[in-house]
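Below is protein_35.cif, holding mmCIF, C-alpha atoms.
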```cif
data_input
loop_
_atom_site.group_PDB
_atom_site.id
_atom_site.type_symbol
_atom_site.label_atom_id
_atom_site.label_comp_id
_atom_site.auth_asym_id
_atom_site.auth_seq_id
_atom_site.Cartn_x
_atom_site.Cartn_y
_atom_site.Cartn_z
ATOM 1 C CA MET S 519 10.262 6.348 16.986
ATOM 2 C CA VAL S 520 11.188 8.763 14.204
ATOM 3 C CA GLN S 521 8.951 11.775 13.627
ATOM 4 C CA GLU S 522 8.778 12.069 9.843
ATOM 5 C CA THR S 523 6.308 14.960 9.543
ATOM 6 C CA PRO S 524 4.010 16.657 12.072
ATOM 7 C CA ARG S 525 1.390 13.907 11.520
ATOM 8 C CA VAL S 526 3.524 10.932 10.577
ATOM 9 C CA ALA S 527 5.981 8.862 12.567
ATOM 10 C CA SER S 528 7.984 5.717 11.916
ATOM 11 C CA LEU S 529 8.052 3.020 14.547
ATOM 12 C CA VAL S 530 11.181 0.926 14.609
ATOM 13 C CA LEU S 531 10.555 -2.482 16.103
ATOM 14 C CA GLU S 532 12.848 -5.203 17.333
ATOM 15 C CA MET S 533 11.423 -8.383 15.879
ATOM 16 C CA PRO S 534 12.934 -11.558 17.224
ATOM 17 C CA ASP S 535 12.125 -14.487 14.920
ATOM 18 C CA TRP S 536 10.960 -12.231 12.083
ATOM 19 C CA PRO S 537 10.735 -14.484 9.010
ATOM 20 C CA GLY S 538 11.802 -11.686 6.640
ATOM 21 C CA HIS S 539 9.629 -9.780 4.215
ATOM 22 C CA LEU S 540 9.370 -8.561 0.638
ATOM 23 C CA ALA S 541 9.375 -4.887 -0.296
ATOM 24 C CA GLY S 542 5.756 -3.716 -0.483
ATOM 25 C CA GLN S 543 4.284 -6.057 2.122
ATOM 26 C CA HIS S 544 2.346 -4.903 5.175
ATOM 27 C CA VAL S 545 1.650 -6.051 8.703
ATOM 28 C CA ASP S 546 -1.548 -6.093 10.707
ATOM 29 C CA VAL S 547 -1.117 -4.377 14.059
ATOM 30 C CA ARG S 548 -3.489 -5.228 16.887
ATOM 31 C CA VAL S 549 -3.834 -3.188 20.023
ATOM 32 C CA THR S 550 -5.880 -4.260 23.027
ATOM 33 C CA ALA S 551 -7.412 -1.790 25.455
ATOM 34 C CA GLU S 552 -7.518 -2.445 29.196
ATOM 35 C CA ASP S 553 -11.146 -3.513 28.955
ATOM 36 C CA GLY S 554 -10.249 -6.110 26.343
ATOM 37 C CA TYR S 555 -11.492 -4.163 23.320
ATOM 38 C CA GLN S 556 -9.340 -4.925 20.321
ATOM 39 C CA ALA S 557 -8.704 -2.989 17.151
ATOM 40 C CA GLU S 558 -6.596 -4.044 14.208
ATOM 41 C CA ARG S 559 -5.174 -2.027 11.321
ATOM 42 C CA SER S 560 -2.812 -2.666 8.423
ATOM 43 C CA TYR S 561 0.410 -0.696 8.028
ATOM 44 C CA SER S 562 2.945 -0.957 5.261
ATOM 45 C CA ILE S 563 6.460 -1.991 6.102
ATOM 46 C CA ALA S 564 8.852 0.886 5.426
ATOM 47 C CA SER S 565 12.163 -0.840 6.019
ATOM 48 C CA SER S 566 14.177 -2.821 3.544
ATOM 49 C CA PRO S 567 14.217 -6.603 3.980
ATOM 50 C CA GLU S 568 17.939 -6.227 4.730
ATOM 51 C CA ASP S 569 17.363 -4.075 7.832
ATOM 52 C CA SER S 570 17.785 -5.848 11.138
ATOM 53 C CA ARG S 571 14.828 -3.968 12.584
ATOM 54 C CA LEU S 572 11.352 -3.614 11.166
ATOM 55 C CA ALA S 573 10.004 -0.117 10.534
ATOM 56 C CA ILE S 574 6.395 0.822 9.917
ATOM 57 C CA THR S 575 5.338 4.377 9.160
ATOM 58 C CA VAL S 576 2.034 5.498 10.605
ATOM 59 C CA GLU S 577 -0.033 8.582 9.833
ATOM 60 C CA ARG S 578 -1.930 9.843 12.827
ATOM 61 C CA LEU S 579 -5.637 10.152 12.063
ATOM 62 C CA ASP S 580 -7.313 12.236 14.738
ATOM 63 C CA ASP S 581 -10.464 10.131 14.817
ATOM 64 C CA GLY S 582 -8.574 6.876 14.378
ATOM 65 C CA GLU S 583 -8.646 4.061 16.907
ATOM 66 C CA VAL S 584 -5.131 2.742 16.489
ATOM 67 C CA SER S 585 -2.904 5.396 14.930
ATOM 68 C CA PRO S 586 -3.203 8.001 17.748
ATOM 69 C CA TYR S 587 -2.029 5.302 20.137
ATOM 70 C CA LEU S 588 0.868 4.179 17.932
ATOM 71 C CA VAL S 589 2.010 7.697 17.096
ATOM 72 C CA GLY S 590 1.201 9.413 20.388
ATOM 73 C CA GLU S 591 1.193 7.050 23.313
ATOM 74 C CA LEU S 592 3.428 4.121 22.520
ATOM 75 C CA ARG S 593 6.607 4.075 24.612
ATOM 76 C CA ILE S 594 9.909 2.277 24.201
ATOM 77 C CA GLY S 595 9.557 -1.179 25.687
ATOM 78 C CA ASP S 596 5.793 -1.393 25.038
ATOM 79 C CA LYS S 597 4.705 -4.518 23.230
ATOM 80 C CA VAL S 598 2.410 -4.473 20.217
ATOM 81 C CA GLU S 599 0.851 -7.481 18.579
ATOM 82 C CA LEU S 600 1.809 -7.783 14.981
ATOM 83 C CA ARG S 601 0.902 -10.253 12.257
ATOM 84 C CA GLY S 602 2.743 -10.614 9.009
ATOM 85 C CA PRO S 603 4.356 -10.066 6.683
ATOM 86 C CA ILE S 604 1.266 -10.023 4.475
ATOM 87 C CA GLY S 605 0.929 -9.545 0.746
ATOM 88 C CA GLY S 606 2.092 -11.195 -2.442
ATOM 89 C CA TYR S 607 0.524 -8.920 -5.034
ATOM 90 C CA PHE S 608 1.849 -5.456 -4.256
ATOM 91 C CA VAL S 609 5.478 -6.537 -3.908
ATOM 92 C CA TRP S 610 8.633 -5.810 -5.856
ATOM 93 C CA ARG S 611 11.135 -8.562 -6.398
ATOM 94 C CA PRO S 612 14.534 -7.321 -7.593
ATOM 95 C CA ALA S 613 14.909 -10.248 -9.990
ATOM 96 C CA ASP S 614 12.298 -8.390 -12.037
ATOM 97 C CA GLU S 615 14.491 -6.109 -14.138
ATOM 98 C CA ARG S 616 11.786 -3.922 -15.629
ATOM 99 C CA PRO S 617 12.224 -0.179 -14.975
ATOM 100 C CA LEU S 618 10.141 0.929 -12.005
ATOM 101 C CA LEU S 619 7.642 3.735 -11.818
ATOM 102 C CA LEU S 620 6.496 4.336 -8.257
ATOM 103 C CA VAL S 621 3.566 6.679 -7.735
ATOM 104 C CA GLY S 622 2.619 7.572 -4.172
ATOM 105 C CA GLY S 623 0.156 9.874 -2.486
ATOM 106 C CA GLY S 624 0.654 10.886 1.150
ATOM 107 C CA SER S 625 1.492 7.917 3.346
ATOM 108 C CA GLY S 626 1.061 5.734 0.253
ATOM 109 C CA VAL S 627 4.762 6.376 -0.246
ATOM 110 C CA VAL S 628 5.590 3.956 2.585
ATOM 111 C CA PRO S 629 5.628 0.609 0.702
ATOM 112 C CA LEU S 630 7.331 2.395 -2.208
ATOM 113 C CA MET S 631 10.034 3.535 0.206
ATOM 114 C CA ALA S 632 10.589 -0.085 1.218
ATOM 115 C CA MET S 633 11.194 -0.826 -2.484
ATOM 116 C CA ILE S 634 13.583 2.115 -2.829
ATOM 117 C CA ARG S 635 15.484 1.127 0.317
ATOM 118 C CA HIS S 636 15.613 -2.479 -0.851
ATOM 119 C CA ARG S 637 16.977 -1.347 -4.202
ATOM 120 C CA VAL S 638 19.732 0.637 -2.472
ATOM 121 C CA ALA S 639 20.561 -2.113 0.024
ATOM 122 C CA ILE S 640 21.229 -4.683 -2.664
ATOM 123 C CA ASN S 641 22.899 -2.206 -5.009
ATOM 124 C CA SER S 642 20.280 -2.746 -7.679
ATOM 125 C CA LYS S 643 20.632 -0.596 -10.773
ATOM 126 C CA THR S 644 16.996 -0.955 -11.761
ATOM 127 C CA PRO S 645 16.057 2.428 -13.248
ATOM 128 C CA THR S 646 13.494 3.843 -10.842
ATOM 129 C CA ARG S 647 11.324 6.931 -10.858
ATOM 130 C CA LEU S 648 9.241 8.069 -7.917
ATOM 131 C CA LEU S 649 6.379 10.506 -8.394
ATOM 132 C CA TYR S 650 5.207 11.578 -4.978
ATOM 133 C CA SER S 651 2.181 13.734 -4.220
ATOM 134 C CA SER S 652 1.944 15.542 -0.875
ATOM 135 C CA ARG S 653 -0.196 18.361 0.410
ATOM 136 C CA SER S 654 2.677 20.649 1.360
ATOM 137 C CA GLN S 655 6.432 20.498 1.730
ATOM 138 C CA ASP S 656 6.063 19.809 5.463
ATOM 139 C CA ASP S 657 3.960 16.742 4.658
ATOM 140 C CA ILE S 658 6.638 15.045 2.557
ATOM 141 C CA ILE S 659 7.605 11.847 4.360
ATOM 142 C CA TYR S 660 11.281 10.755 4.097
ATOM 143 C CA ARG S 661 12.119 14.065 2.406
ATOM 144 C CA ALA S 662 15.776 14.262 3.409
ATOM 145 C CA GLU S 663 16.440 10.581 2.710
ATOM 146 C CA LEU S 664 14.835 10.787 -0.728
ATOM 147 C CA GLU S 665 16.937 13.833 -1.526
ATOM 148 C CA ARG S 666 20.089 12.033 -0.440
ATOM 149 C CA LEU S 667 19.263 8.859 -2.384
ATOM 150 C CA ALA S 668 18.384 10.764 -5.549
ATOM 151 C CA ALA S 669 21.705 12.655 -5.288
ATOM 152 C CA ARG S 670 23.598 9.369 -5.636
ATOM 153 C CA ALA S 671 22.590 9.436 -9.288
ATOM 154 C CA ASP S 672 22.435 5.657 -9.446
ATOM 155 C CA GLY S 673 19.280 5.502 -11.491
ATOM 156 C CA LEU S 674 16.735 6.807 -8.978
ATOM 157 C CA THR S 675 14.945 10.046 -9.733
ATOM 158 C CA VAL S 676 12.347 11.679 -7.512
ATOM 159 C CA ALA S 677 9.645 14.111 -8.638
ATOM 160 C CA HIS S 678 7.419 15.823 -6.105
ATOM 161 C CA THR S 679 4.065 17.479 -6.512
ATOM 162 C CA LEU S 680 2.565 19.645 -3.771
ATOM 163 C CA THR S 681 -1.175 19.910 -4.156
ATOM 164 C CA ARG S 682 -2.199 22.488 -1.543
ATOM 165 C CA MET S 683 0.665 24.711 -0.582
ATOM 166 C CA GLN S 684 4.016 25.355 -2.183
ATOM 167 C CA PRO S 685 6.955 27.160 -0.594
ATOM 168 C CA ALA S 686 8.438 30.206 -2.318
ATOM 169 C CA GLY S 687 10.697 29.201 -5.167
ATOM 170 C CA TRP S 688 9.201 25.685 -5.444
ATOM 171 C CA ASP S 689 10.329 24.111 -8.693
ATOM 172 C CA GLY S 690 8.380 20.852 -8.514
ATOM 173 C CA TYR S 691 4.837 20.221 -9.663
ATOM 174 C CA ALA S 692 2.002 22.058 -7.924
ATOM 175 C CA ARG S 693 -1.172 20.172 -8.797
ATOM 176 C CA ARG S 694 -2.823 16.796 -8.542
ATOM 177 C CA ILE S 695 -1.289 14.078 -10.673
ATOM 178 C CA ASP S 696 -2.669 14.349 -14.196
ATOM 179 C CA LEU S 697 -2.030 13.067 -17.682
ATOM 180 C CA ALA S 698 0.554 15.718 -18.544
ATOM 181 C CA MET S 699 2.524 14.984 -15.379
ATOM 182 C CA LEU S 700 2.472 11.236 -15.921
ATOM 183 C CA SER S 701 3.522 11.724 -19.551
ATOM 184 C CA GLU S 702 6.589 13.606 -18.341
ATOM 185 C CA VAL S 703 7.534 11.264 -15.516
ATOM 186 C CA ALA S 704 6.536 7.784 -16.725
ATOM 187 C CA TRP S 705 8.896 5.525 -18.640
ATOM 188 C CA PRO S 706 8.172 5.241 -22.349
ATOM 189 C CA ARG S 707 5.814 2.363 -23.049
ATOM 190 C CA HIS S 708 8.338 0.435 -25.114
ATOM 191 C CA GLU S 709 10.564 0.082 -22.050
ATOM 192 C CA MET S 710 7.840 -2.100 -20.529
ATOM 193 C CA PRO S 711 7.958 -0.575 -17.047
ATOM 194 C CA LEU S 712 6.462 -2.028 -13.919
ATOM 195 C CA THR S 713 4.316 0.479 -12.039
ATOM 196 C CA PHE S 714 3.295 0.543 -8.389
ATOM 197 C CA VAL S 715 0.651 3.037 -7.269
ATOM 198 C CA CYS S 716 -0.236 3.479 -3.610
ATOM 199 C CA GLY S 717 -2.284 6.141 -1.888
ATOM 200 C CA PRO S 718 -5.841 7.222 -1.172
ATOM 201 C CA THR S 719 -8.425 5.425 -3.329
ATOM 202 C CA PRO S 720 -9.254 8.406 -5.618
ATOM 203 C CA LEU S 721 -5.562 9.009 -6.429
ATOM 204 C CA VAL S 722 -4.887 5.335 -7.083
ATOM 205 C CA GLU S 723 -7.881 4.927 -9.377
ATOM 206 C CA SER S 724 -7.171 8.118 -11.273
ATOM 207 C CA VAL S 725 -3.495 7.264 -11.838
ATOM 208 C CA ALA S 726 -4.222 3.654 -12.781
ATOM 209 C CA SER S 727 -6.878 4.629 -15.298
ATOM 210 C CA LEU S 728 -4.675 7.356 -16.801
ATOM 211 C CA MET S 729 -1.869 4.819 -17.218
ATOM 212 C CA VAL S 730 -4.234 2.409 -18.951
ATOM 213 C CA ASP S 731 -5.468 5.244 -21.185
ATOM 214 C CA MET S 732 -1.834 5.982 -22.043
ATOM 215 C CA GLY S 733 -1.540 2.421 -23.294
ATOM 216 C CA TYR S 734 0.361 0.721 -20.481
ATOM 217 C CA ASP S 735 -0.430 -2.929 -20.008
ATOM 218 C CA PRO S 736 -2.912 -3.242 -17.083
ATOM 219 C CA PRO S 737 -1.180 -6.253 -15.449
ATOM 220 C CA SER S 738 2.026 -4.171 -15.230
ATOM 221 C CA ILE S 739 0.238 -1.626 -13.007
ATOM 222 C CA LYS S 740 -0.075 -2.758 -9.405
ATOM 223 C CA THR S 741 -2.211 -0.785 -7.029
ATOM 224 C CA GLU S 742 -2.829 -0.546 -3.311
ATOM 225 C CA ARG S 743 -5.491 1.705 -1.825
ATOM 226 C CA PHE S 744 -5.384 3.410 1.545
ATOM 227 C CA GLY S 745 -8.767 4.205 2.994
ATOM 228 C CA PRO S 746 -10.097 6.508 5.695
ATOM 229 C CA THR S 747 -10.803 3.355 7.674
ATOM 230 C CA GLY S 748 -7.070 2.912 8.062
ATOM 231 C CA GLY S 749 -6.958 4.882 11.367
ATOM 232 C CA MET M 303 -17.456 15.534 6.428
ATOM 233 C CA THR M 304 -19.639 13.442 4.193
ATOM 234 C CA VAL M 305 -18.251 10.011 3.530
ATOM 235 C CA GLN M 306 -18.881 8.806 0.003
ATOM 236 C CA GLN M 307 -19.269 5.110 -0.684
ATOM 237 C CA SER M 308 -16.355 5.398 -3.124
ATOM 238 C CA ASP M 309 -14.130 6.690 -0.291
ATOM 239 C CA LEU M 310 -14.710 3.474 1.597
ATOM 240 C CA LYS M 311 -13.490 1.303 -1.206
ATOM 241 C CA LEU M 312 -10.254 -0.543 -0.521
ATOM 242 C CA ASP M 313 -8.690 -3.429 -2.375
ATOM 243 C CA GLY M 314 -7.789 -7.030 -1.746
ATOM 244 C CA ASN M 315 -4.438 -6.114 -0.196
ATOM 245 C CA ALA M 316 -6.420 -4.953 2.840
ATOM 246 C CA ILE M 317 -7.755 -8.451 3.542
ATOM 247 C CA GLY M 318 -4.477 -10.305 3.036
ATOM 248 C CA GLY M 319 -4.236 -10.939 6.771
ATOM 249 C CA LEU M 320 -7.813 -12.147 7.105
ATOM 250 C CA LEU M 321 -7.501 -14.457 4.096
ATOM 251 C CA ARG M 322 -4.308 -15.894 5.478
ATOM 252 C CA GLU M 323 -6.100 -16.771 8.694
ATOM 253 C CA ILE M 324 -8.630 -18.712 6.648
ATOM 254 C CA PHE M 325 -6.481 -20.243 3.919
ATOM 255 C CA THR M 326 -3.273 -20.405 6.018
ATOM 256 C CA MET M 327 -1.304 -19.046 3.082
ATOM 257 C CA GLU M 328 -0.593 -15.837 1.228
ATOM 258 C CA MET M 329 -3.624 -15.128 -0.949
ATOM 259 C CA THR M 330 -3.323 -11.619 -2.426
ATOM 260 C CA ALA M 331 -1.567 -12.956 -5.510
ATOM 261 C CA ALA M 332 -4.201 -15.689 -5.972
ATOM 262 C CA GLU M 333 -6.364 -15.222 -9.071
ATOM 263 C CA GLY M 334 -10.120 -15.416 -8.970
ATOM 264 C CA THR M 335 -12.486 -15.835 -11.912
ATOM 265 C CA CYS M 336 -15.694 -13.819 -11.566
ATOM 266 C CA SER M 337 -18.758 -16.009 -11.778
ATOM 267 C CA SER M 338 -20.663 -13.168 -13.428
ATOM 268 C CA CYS M 339 -18.375 -11.681 -16.103
ATOM 269 C CA GLY M 340 -15.662 -14.341 -16.247
ATOM 270 C CA LYS M 341 -12.811 -11.838 -15.896
ATOM 271 C CA VAL M 342 -9.786 -12.916 -13.863
ATOM 272 C CA HIS M 343 -8.283 -10.651 -11.208
ATOM 273 C CA ALA M 344 -5.618 -11.081 -8.566
ATOM 274 C CA VAL M 345 -7.096 -10.887 -5.082
ATOM 275 C CA GLY M 346 -4.942 -7.768 -4.560
ATOM 276 C CA GLN M 347 -6.904 -6.051 -7.333
ATOM 277 C CA VAL M 348 -10.485 -6.701 -6.259
ATOM 278 C CA GLU M 349 -12.684 -4.073 -4.606
ATOM 279 C CA VAL M 350 -13.090 -4.486 -0.879
ATOM 280 C CA TYR M 351 -15.580 -2.844 1.461
ATOM 281 C CA MET M 352 -14.884 -3.323 5.134
ATOM 282 C CA ASN M 353 -17.427 -0.931 6.626
ATOM 283 C CA ALA M 354 -20.165 -3.560 6.794
ATOM 284 C CA PRO M 355 -20.485 -6.096 9.621
ATOM 285 C CA GLY M 356 -18.395 -8.334 7.394
ATOM 286 C CA VAL M 357 -16.120 -7.903 4.404
ATOM 287 C CA VAL M 358 -17.670 -7.560 0.957
ATOM 288 C CA VAL M 359 -15.519 -8.210 -2.107
ATOM 289 C CA ARG M 360 -16.648 -7.046 -5.531
ATOM 290 C CA CYS M 361 -15.345 -7.653 -9.038
ATOM 291 C CA PRO M 362 -13.494 -4.538 -10.285
ATOM 292 C CA ALA M 363 -14.794 -5.177 -13.804
ATOM 293 C CA CYS M 364 -18.524 -5.805 -13.325
ATOM 294 C CA GLY M 365 -19.245 -5.049 -9.660
ATOM 295 C CA GLN M 366 -20.596 -8.507 -8.850
ATOM 296 C CA VAL M 367 -20.245 -9.526 -5.203
ATOM 297 C CA GLN M 368 -17.530 -12.182 -5.246
ATOM 298 C CA MET M 369 -16.979 -12.949 -1.592
ATOM 299 C CA ARG M 370 -18.541 -12.190 1.728
ATOM 300 C CA ILE M 371 -16.600 -12.935 4.856
ATOM 301 C CA VAL M 372 -17.915 -12.629 8.374
ATOM 302 C CA LYS M 373 -15.844 -13.425 11.440
ATOM 303 C CA GLY M 374 -17.261 -13.455 14.903
ATOM 304 C CA GLY M 375 -17.932 -15.537 17.965
ATOM 305 C CA GLY M 376 -15.026 -17.808 17.131
ATOM 306 C CA ARG M 377 -16.382 -18.697 13.686
ATOM 307 C CA TYR M 378 -15.987 -17.692 10.049
ATOM 308 C CA TRP M 379 -18.747 -17.489 7.450
ATOM 309 C CA LEU M 380 -17.296 -17.544 3.959
ATOM 310 C CA ASP M 381 -19.501 -17.045 0.893
ATOM 311 C CA LEU M 382 -17.490 -17.496 -2.303
ATOM 312 C CA SER M 383 -20.452 -17.950 -4.621
ATOM 313 C CA GLY M 384 -19.379 -15.003 -6.798
ATOM 314 C CA ILE M 385 -16.087 -16.660 -7.669
ATOM 315 C CA ARG M 386 -16.108 -19.480 -10.165
ATOM 316 C CA CYS M 387 -12.524 -20.500 -9.585
ATOM 317 C CA LEU M 388 -9.728 -19.445 -7.280
ATOM 318 C CA GLU M 389 -6.245 -20.371 -8.400
ATOM 319 C CA PHE M 390 -3.178 -20.069 -6.197
ATOM 320 C CA SER M 391 0.307 -21.396 -5.664
ATOM 321 C CA SER M 392 0.684 -24.484 -3.511
ATOM 322 C CA ASP M 393 4.117 -23.367 -2.237
#
```
Go ahead and express the file in the form of structure tokens.
Amino acid sequence: MVQETPRVASLVLEMPDWPGHLAGQHVDVRVTAEDGYQAERSYSIASSPEDSRLAITVERLDDGEVSPYLVGELRIGDKVELRGPIGGYFVWRPADERPLLLVGGGSGVVPLMAMIRHRVAINSKTPTRLLYSSRSQDDIIYRAELERLAARADGLTVAHTLTRMQPAGWDGYARRIDLAMLSEVAWPRHEMPLTFVCGPTPLVESVASLMVDMGYDPPSIKTERFGPTGG
Amino acid sequence: MTVQQSDLKLDGNAIGGLLREIFTMEMTAAEGTCSSCGKVHAVGQVEVYMNAPGVVVRCPACGQVQMRIVKGGGRYWLDLSGIRCLEFSSD
């Protein structure tokens, strides 16, 4: 278990017989209470397909049924029931050489991180930009790793926006993602980028419709929404 | 906190696991033609509401109900009357 932020932790799981996954896929996690009550939720895979262990990153929702258990009570050696990998739409395949724009809000960064880690693991030079919206600096998931990966200067750039609270001297964006921000961060249209947007429904819909307004081809914009029912 | 209907909207990625139970294959990249407006969307793109007793899938273009899926008591009820055609890879 890796504590990523005060509310978010990554669970690293040994998965014997794991069939392998694609970057962007998720798993369904089922937990069963002592009285037999079952609850199931979907979580994005955070690890690269090359990793020997499977990582999922879970945001703890206080009124959730599953996440407080996964983030708070799960102990090493406990078994969880997991189904997957699932998904064939919101996935990045490295054979696709289009430049990547990844736009994430909150824990929506998780499947995008799997893409970034995959890209690094296979030494892909696909030009990649991540635009990542968080509430505050403390809420940025994978902050140190993103900083380290961007410093390699191998074609990955990372832009942050902090929507609620910014530390003194913050030089990133400080507002919700808007047209001006996307115009600065997105690849020019003629480069025919592939865009992945993942986050809460309002963010995803706003970014996707702005991108369409900016003239990007709708099929090149792939979206995945996280809902409050995710708990 | 007031929950708005729009906050409860997810997309077809959220039912990838459920659809795989039913179709025994990966379905989020499958493409469905809306029986109302005729537009084609990948299953990953459609609007999904999971806060009902079952799952309700709507067309992102026209809002037509495309699928209703109920699972319970060891059975599935699958209403696909809002989809004219569902096309997917046989691999």
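Interatomic distance, atom CA of Glu615 of chain S to atom CA of Leu388 of chain M: 28.5 Å.
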Would you list the residues near (15.8, 9.5, 3.8) (no more than 12 Å away, in the coordinates of the file, using all atoms listed in the file) as a PyMOL selection string?
chain S and resi 520+522+528+564-565+628+631-632+634-635+638+658-669
Check what the PyMOL selection byres ((chain M) within 10 of (chain S)) selects in the file above and give those residues as a PyMOL selection string.
chain M and resi 305+308-322+327-332+343-347+349-353
Can you write out the residues you just picked, keeping C-alpha atoms, as a short mmCIF file (atom, residue, chain, number, x, y, z; two decimals), in the coordinates of the input?
```
data_model
loop_
_atom_site.label_atom_id
_atom_site.label_comp_id
_atom_site.auth_asym_id
_atom_site.auth_seq_id
_atom_site.Cartn_x
_atom_site.Cartn_y
_atom_site.Cartn_z
CA VAL M 305 -18.25 10.01 3.53
CA SER M 308 -16.36 5.40 -3.12
CA ASP M 309 -14.13 6.69 -0.29
CA LEU M 310 -14.71 3.47 1.60
CA LYS M 311 -13.49 1.30 -1.21
CA LEU M 312 -10.25 -0.54 -0.52
CA ASP M 313 -8.69 -3.43 -2.38
CA GLY M 314 -7.79 -7.03 -1.75
CA ASN M 315 -4.44 -6.11 -0.20
CA ALA M 316 -6.42 -4.95 2.84
CA ILE M 317 -7.76 -8.45 3.54
CA GLY M 318 -4.48 -10.30 3.04
CA GLY M 319 -4.24 -10.94 6.77
CA LEU M 320 -7.81 -12.15 7.10
CA LEU M 321 -7.50 -14.46 4.10
CA ARG M 322 -4.31 -15.89 5.48
CA MET M 327 -1.30 -19.05 3.08
CA GLU M 328 -0.59 -15.84 1.23
CA MET M 329 -3.62 -15.13 -0.95
CA THR M 330 -3.32 -11.62 -2.43
CA ALA M 331 -1.57 -12.96 -5.51
CA ALA M 332 -4.20 -15.69 -5.97
CA HIS M 343 -8.28 -10.65 -11.21
CA ALA M 344 -5.62 -11.08 -8.57
CA VAL M 345 -7.10 -10.89 -5.08
CA GLY M 346 -4.94 -7.77 -4.56
CA GLN M 347 -6.90 -6.05 -7.33
CA GLU M 349 -12.68 -4.07 -4.61
CA VAL M 350 -13.09 -4.49 -0.88
CA TYR M 351 -15.58 -2.84 1.46
CA MET M 352 -14.88 -3.32 5.13
CA ASN M 353 -17.43 -0.93 6.63
#
```
Report as a list in words the full result of the PyMOL selection byres ((chain S and resi 621) around 7) when it is applied to this structure.
Leu619, Leu620, Gly622, Leu648, Leu649, Tyr650, Phe714, Val715 and Cys716 of chain S
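Interatomic distance, atom CA of Phe390 of chain M to atom CA of Glu333 of chain M: 6.5 Å.
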Test item: which residues lie within 12 Å of (8.9, 10.6, 17.3) counting all atoms listed in the file, as a PDB file with C-alpha atoms, in the coordinates of the input:
```pdb
ATOM      1  CA  MET S 519      10.262   6.348  16.986  1.00  0.00           C
ATOM      2  CA  VAL S 520      11.188   8.763  14.204  1.00  0.00           C
ATOM      3  CA  GLN S 521       8.951  11.775  13.627  1.00  0.00           C
ATOM      4  CA  GLU S 522       8.778  12.069   9.843  1.00  0.00           C
ATOM      5  CA  THR S 523       6.308  14.960   9.543  1.00  0.00           C
ATOM      6  CA  PRO S 524       4.010  16.657  12.072  1.00  0.00           C
ATOM      7  CA  ARG S 525       1.390  13.907  11.520  1.00  0.00           C
ATOM      8  CA  VAL S 526       3.524  10.932  10.577  1.00  0.00           C
ATOM      9  CA  ALA S 527       5.981   8.862  12.567  1.00  0.00           C
ATOM     10  CA  SER S 528       7.984   5.717  11.916  1.00  0.00           C
ATOM     11  CA  LEU S 529       8.052   3.020  14.547  1.00  0.00           C
ATOM     12  CA  VAL S 530      11.181   0.926  14.609  1.00  0.00           C
ATOM     13  CA  THR S 575       5.338   4.377   9.160  1.00  0.00           C
ATOM     14  CA  VAL S 576       2.034   5.498  10.605  1.00  0.00           C
ATOM     15  CA  GLU S 577      -0.033   8.582   9.833  1.00  0.00           C
ATOM     16  CA  ARG S 578      -1.930   9.843  12.827  1.00  0.00           C
ATOM     17  CA  LEU S 588       0.868   4.179  17.932  1.00  0.00           C
ATOM     18  CA  VAL S 589       2.010   7.697  17.096  1.00  0.00           C
ATOM     19  CA  GLY S 590       1.201   9.413  20.388  1.00  0.00           C
ATOM     20  CA  GLU S 591       1.193   7.050  23.313  1.00  0.00           C
ATOM     21  CA  LEU S 592       3.428   4.121  22.520  1.00  0.00           C
ATOM     22  CA  ARG S 593       6.607   4.075  24.612  1.00  0.00           C
ATOM     23  CA  ILE S 594       9.909   2.277  24.201  1.00  0.00           C
TER      24      ILE S 594
END
```
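Nearest to Asp535 of chain S of all the residues S:Ala692, S:Met729, S:Arg571, S:Gly626 is S:Arg571, counting only C-alpha atoms.
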Can you turn the PyMOL selection byres ((chain M and resi 358) around 7) into a concrete residue list for this file, as number ranges by chain?
M: 350-352, 356-357, 359-360, 367, 369-371
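Take atom CA of Val547 of chain S and atom CA of Leu572 of chain S: the distance between them is 12.8 Å.
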Which residue out of M:Cys336, M:Ala354, M:Ala363, M:Val348 has the minimum interatomic distance to Ser383 of chain M when all atoms listed in the file are used?
M:Cys336
Could you pull the residues within 6 Å of segment 693-706 of chain S, counting only C-alpha atoms, minus those fewer than 2 positions along the same chain, as a list in words?
Thr681, His708 and Glu709 of chain S
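Using all atoms listed in the file, the protein and nucleic acid residues lying no more than 7 Å from Trp610 of chain S, apart from those fewer than 5 places from it along its own chain, are S:Ala541, S:Gly542, S:Met633.
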Residues as selected, C-alpha atoms, written as an mmCIF file, in the frame of the given file, can you do that?
```cif
data_model
loop_
_atom_site.group_PDB
_atom_site.id
_atom_site.type_symbol
_atom_site.label_atom_id
_atom_site.label_comp_id
_atom_site.auth_asym_id
_atom_site.auth_seq_id
_atom_site.Cartn_x
_atom_site.Cartn_y
_atom_site.Cartn_z
ATOM 1 C CA ALA S 541 9.375 -4.887 -0.296
ATOM 2 C CA GLY S 542 5.756 -3.716 -0.483
ATOM 3 C CA MET S 633 11.194 -0.826 -2.484
#
```
Quick one: 8 Å padding each side, axis-aligned, all listed atoms of segment 635-641 of chain S - centre and edge lengths in Å to one decimal, as AutoDock Vina command-line options?
```
--center_x 19.2 --center_y -1.8 --center_z -2.3 --size_x 23.4 --size_y 21.8 --size_z 21.3
```
